[in-house]
Amino acid sequence: MTISIGILDQSPIYPGSTASEALAQTIRLAQKAEELGFQRFWVSEHHDSESLAGSSPEVLISHLLAKTERIRIGSGGIMLQHYSPYKVAENFNVLASLAPGRVDLGVGRAPGGLPRSTQALQRGVTEPQTLTEKLVELEAYVNNQVPENHPLHGIKVSPVAGTPADIYLLGASLDSAQLAASLGLPYVFSLSINGDRSAAIEAIQVYKSNFQRKFNRSPQAILALSVIVADTDQAAHELAFEQKHYKVYLASGKKATVGTLEQAEEFGRQANEPYTIEEKTTEVTRGSKETVREQLVDLQRLTGVEEFIVTARIEDFAERVRSYERLAEALNDVETIA
């Protein structure tokens, strides 16, 4: 039995710190993840935020690739709804040419910010596409396989990457699982956002059973979750506290997930339509090394995944690093037991 681990880092700006300090910590975490033998290190995309510094994953990924040697570096994820698939493909082909075989292109379905930042990012767009259309086009560009019936057939993305970035679809619902399956893409389900284990199990089952093979790929499902490992269960509970997130439901049917009640209220205000807010307790896998190991093994058994992407929301940076070190030690024990 083996369990692979990746880290998703959001470059959090905690009270009293700066964006420069947050980004410097992200660099050190990537280097620590490589040292610990983790599979990959991803960074997120958030806009118009005072608490998160990672607004431009492509720029940060480039720097992290230069500061590491072996670990895969990627996005978790690029908010493709805002951008031209062609430009995203160009960005990631440059990255994949700089570090062949080390680049992941995770694509998110959320806006990554409030309505105001969405308006700013999409200002001037004259030919809106659905996310599905953009994903299909993105993969065609990344692999330089634009079909003959495409209006831009013959176009190439430069540079041509010898080993293109691997594309992953991120989500937290059955809809995202079905979309990833229909497009034959690797899939990442966020348990930290959804919080419902039964929903995670169902989504991954639906993904695997409906997977359409493309480019000789087999289904690859990853589970994203918050994990905190301390010396004891009690210490882990104290580090984790009661983490919350908030779902905003707009009258138009759109919905979004944000980190604070203030953000939820501001999202509703900027949307300029009736809305409701639902407070949710964030699912956090927490405890001692032994407790967390048991929980991850159980999640692996229930979902059938072989890899987890984890986030540790711990304000003290040294303790955050130590949590990842304990996690690596716990999983070394899994391999020993197996």
# chains A, B, ... in the order shown; residues from 1 in each chain; ligands from 1
call {"tool": "select_by_dssp", "arguments": {"residues": "region 121-314 of chain A", "states": "strand (DSSP E or B)", "output": "VMD selection string"}}
result
chain A and resid 166 to 171 187 to 190 221 to 229 244 to 250 255 to 258 275 to 281 284 to 287 307 to 311
call {"tool": "write_last_selection", "arguments": {"atoms": "C-alpha atoms", "output": "PDB file, in the first residue's frame"}}
result
ATOM      1  CA  ASP A 166      -0.604  17.560 -17.458  1.00  0.00           C
ATOM      2  CA  ILE A 167      -4.125  19.018 -17.244  1.00  0.00           C
ATOM      3  CA  TYR A 168      -6.286  18.340 -14.176  1.00  0.00           C
ATOM      4  CA  LEU A 169      -9.880  19.418 -13.552  1.00  0.00           C
ATOM      5  CA  LEU A 170     -10.636  20.559 -10.005  1.00  0.00           C
ATOM      6  CA  GLY A 171     -14.122  20.381  -8.524  1.00  0.00           C
ATOM      7  CA  TYR A 187      -9.822  14.781 -11.631  1.00  0.00           C
ATOM      8  CA  VAL A 188      -9.309  16.379  -8.228  1.00  0.00           C
ATOM      9  CA  PHE A 189     -12.242  16.380  -5.779  1.00  0.00           C
ATOM     10  CA  SER A 190     -12.015  18.942  -2.951  1.00  0.00           C
ATOM     11  CA  ALA A 221      -8.568  10.685  -9.220  1.00  0.00           C
ATOM     12  CA  ILE A 222      -7.002  12.750  -6.444  1.00  0.00           C
ATOM     13  CA  LEU A 223      -8.656  13.836  -3.194  1.00  0.00           C
ATOM     14  CA  ALA A 224      -7.915  17.347  -1.898  1.00  0.00           C
ATOM     15  CA  LEU A 225      -8.313  17.929   1.819  1.00  0.00           C
ATOM     16  CA  SER A 226      -7.142  19.957   4.798  1.00  0.00           C
ATOM     17  CA  VAL A 227      -4.766  18.039   7.047  1.00  0.00           C
ATOM     18  CA  ILE A 228      -3.167  19.005  10.354  1.00  0.00           C
ATOM     19  CA  VAL A 229      -0.773  16.632  12.122  1.00  0.00           C
ATOM     20  CA  LYS A 244     -15.419  27.643   8.570  1.00  0.00           C
ATOM     21  CA  HIS A 245     -16.242  28.466   4.988  1.00  0.00           C
ATOM     22  CA  TYR A 246     -19.328  30.086   3.494  1.00  0.00           C
ATOM     23  CA  LYS A 247     -21.484  29.246   0.495  1.00  0.00           C
ATOM     24  CA  VAL A 248     -23.253  32.085  -1.283  1.00  0.00           C
ATOM     25  CA  TYR A 249     -26.377  31.226  -3.284  1.00  0.00           C
ATOM     26  CA  LEU A 250     -27.535  33.890  -5.741  1.00  0.00           C
ATOM     27  CA  LYS A 255     -23.143  29.948  -6.220  1.00  0.00           C
ATOM     28  CA  ALA A 256     -19.695  30.502  -4.766  1.00  0.00           C
ATOM     29  CA  THR A 257     -17.630  29.391  -1.796  1.00  0.00           C
ATOM     30  CA  VAL A 258     -15.564  31.919   0.175  1.00  0.00           C
ATOM     31  CA  TYR A 275     -28.703  35.999  -2.101  1.00  0.00           C
ATOM     32  CA  THR A 276     -28.501  33.667   0.868  1.00  0.00           C
ATOM     33  CA  ILE A 277     -25.449  32.544   2.845  1.00  0.00           C
ATOM     34  CA  GLU A 278     -24.827  29.113   4.353  1.00  0.00           C
ATOM     35  CA  GLU A 279     -22.143  28.637   7.007  1.00  0.00           C
ATOM     36  CA  LYS A 280     -20.259  25.350   6.702  1.00  0.00           C
ATOM     37  CA  THR A 281     -17.688  23.683   8.936  1.00  0.00           C
ATOM     38  CA  VAL A 284     -10.184  18.910   8.468  1.00  0.00           C
ATOM     39  CA  THR A 285      -8.342  15.617   8.843  1.00  0.00           C
ATOM     40  CA  ARG A 286      -6.523  16.177  12.123  1.00  0.00           C
ATOM     41  CA  GLY A 287      -4.722  14.327  14.872  1.00  0.00           C
ATOM     42  CA  GLU A 307      -2.991  10.433  -3.959  1.00  0.00           C
ATOM     43  CA  PHE A 308      -4.045  13.304  -1.736  1.00  0.00           C
ATOM     44  CA  ILE A 309      -3.450  17.037  -2.231  1.00  0.00           C
ATOM     45  CA  VAL A 310      -3.301  18.581   1.230  1.00  0.00           C
ATOM     46  CA  THR A 311      -3.464  22.051   2.759  1.00  0.00           C
TER      47      THR A 311
END
call {"tool": "closest_atom_pairs", "arguments": {"of": "region 84-112 of chain A", "to": "region 174-182 of chain A", "cutoff": "12 Å", "atoms": "only C-alpha atoms", "output": "Markdown table"}}
result
| residue | atom | partner | partner_atom | distance |
| --- | --- | --- | --- | --- |
| A:Gly106 | CA | A:Ala180 | CA | 11.7 |
| A:Val107 | CA | A:Ala180 | CA | 10.6 |
| A:Gly108 | CA | A:Ser176 | CA | 9.7 |
| A:Arg109 | CA | A:Ser176 | CA | 8.2 |
| A:Ala110 | CA | A:Ser176 | CA | 11.1 |
call {"tool": "residues_around", "arguments": {"residues": "region 321-323 of chain A", "least_positions_apart": "4", "cutoff": "10 Å", "atoms": "only C-alpha atoms", "output": "PyMOL selection string"}}
result
chain A and resi 25+28-29+32-33+227-231+236+239+286+288-289+312+314+316-317+327-329
call {"tool": "write_last_selection", "arguments": {"atoms": "C-alpha atoms", "output": "PDB file, in the first residue's frame"}}
result
ATOM      1  CA  GLN A  25       6.957  31.058   2.867  1.00  0.00           C
ATOM      2  CA  ARG A  28      10.268  27.517   1.465  1.00  0.00           C
ATOM      3  CA  LEU A  29       7.297  25.135   1.602  1.00  0.00           C
ATOM      4  CA  LYS A  32      10.457  21.423   2.023  1.00  0.00           C
ATOM      5  CA  ALA A  33       7.896  19.396   0.039  1.00  0.00           C
ATOM      6  CA  VAL A 227      -4.766  18.039   7.047  1.00  0.00           C
ATOM      7  CA  ILE A 228      -3.167  19.005  10.354  1.00  0.00           C
ATOM      8  CA  VAL A 229      -0.773  16.632  12.122  1.00  0.00           C
ATOM      9  CA  ALA A 230       0.473  17.341  15.653  1.00  0.00           C
ATOM     10  CA  ASP A 231       2.171  15.361  18.402  1.00  0.00           C
ATOM     11  CA  ALA A 236      -4.021  18.955  16.473  1.00  0.00           C
ATOM     12  CA  LEU A 239      -4.139  23.982  15.935  1.00  0.00           C
ATOM     13  CA  ARG A 286      -6.523  16.177  12.123  1.00  0.00           C
ATOM     14  CA  SER A 288      -1.483  12.626  15.786  1.00  0.00           C
ATOM     15  CA  LYS A 289       0.564  10.802  13.160  1.00  0.00           C
ATOM     16  CA  ALA A 312      -2.525  22.934   6.325  1.00  0.00           C
ATOM     17  CA  ILE A 314      -1.867  26.905  10.446  1.00  0.00           C
ATOM     18  CA  ASP A 316       2.468  29.752  12.722  1.00  0.00           C
ATOM     19  CA  PHE A 317       4.755  28.940   9.799  1.00  0.00           C
ATOM     20  CA  LEU A 327       2.565  13.794   7.724  1.00  0.00           C
ATOM     21  CA  ALA A 328       5.562  12.498   5.768  1.00  0.00           C
ATOM     22  CA  GLU A 329       6.647  10.465   8.801  1.00  0.00           C
TER      23      GLU A 329
END
call {"tool": "select_by_dssp", "arguments": {"residues": "region 52-205 of chain A", "states": "helix (DSSP H, G or I)", "output": "number ranges by chain"}}
result
A: 57-67, 80-82, 85-98, 115-121, 131-142, 174-183, 191-194, 197-205
call {"tool": "residues_around", "arguments": {"residues": "Gly304 (chain A)", "least_positions_apart": "4", "cutoff": "10 Å", "atoms": "only C-alpha atoms", "output": "compact mmCIF listing (two decimals) with C-alpha atoms, in the first residue's frame"}}
result
# COMPACT_ATOMS: atom_id res chain seq x y z
CA ILE A 201 -17.06 8.72 -2.85
CA ILE A 204 -15.06 9.57 -7.78
CA GLN A 205 -17.11 6.47 -8.59
CA LYS A 208 -14.17 6.33 -12.92
CA ALA A 221 -8.57 10.69 -9.22
CA ILE A 222 -7.00 12.75 -6.44
CA LEU A 223 -8.66 13.84 -3.19
CA VAL A 297 -5.84 4.86 4.86
CA ASP A 298 -9.60 4.75 5.49
CA LEU A 299 -10.22 7.49 2.90
CA GLN A 300 -8.08 5.61 0.43
call {"tool": "residues_around", "arguments": {"residues": "region 79-82 of chain A", "least_positions_apart": "6", "cutoff": "12 Å", "atoms": "only C-alpha atoms", "output": "PyMOL selection string"}}
result
chain A and resi 44-47+55-58+88-89+105-113+115+117-125+127-139+167-171
call {"tool": "residues_around", "arguments": {"residues": "Ser17 (chain A)", "least_positions_apart": "4", "cutoff": "12 Å", "atoms": "only C-alpha atoms", "output": "number ranges by chain"}}
result
A: 11-13, 21-25, 50-53, 315-317
call {"tool": "write_last_selection", "arguments": {"atoms": "C-alpha atoms", "output": "tab-separated table (two decimals), in the first residue's frame"}}
result
chain	number	residue	atom	x	y	z
A	11	SER	CA	0.16	31.88	0.12
A	12	PRO	CA	-1.91	33.05	3.12
A	13	ILE	CA	-1.26	36.51	4.54
A	21	GLU	CA	6.49	37.22	3.56
A	22	ALA	CA	3.63	34.96	2.46
A	23	LEU	CA	5.22	34.31	-0.92
A	24	ALA	CA	8.62	33.69	0.68
A	25	GLN	CA	6.96	31.06	2.87
A	50	GLU	CA	-6.19	40.93	1.45
A	51	SER	CA	-5.59	37.50	3.00
A	52	LEU	CA	-4.14	35.52	0.07
A	53	ALA	CA	-1.14	36.58	-2.03
A	315	GLU	CA	-0.91	30.50	11.14
A	316	ASP	CA	2.47	29.75	12.72
A	317	PHE	CA	4.75	28.94	9.80
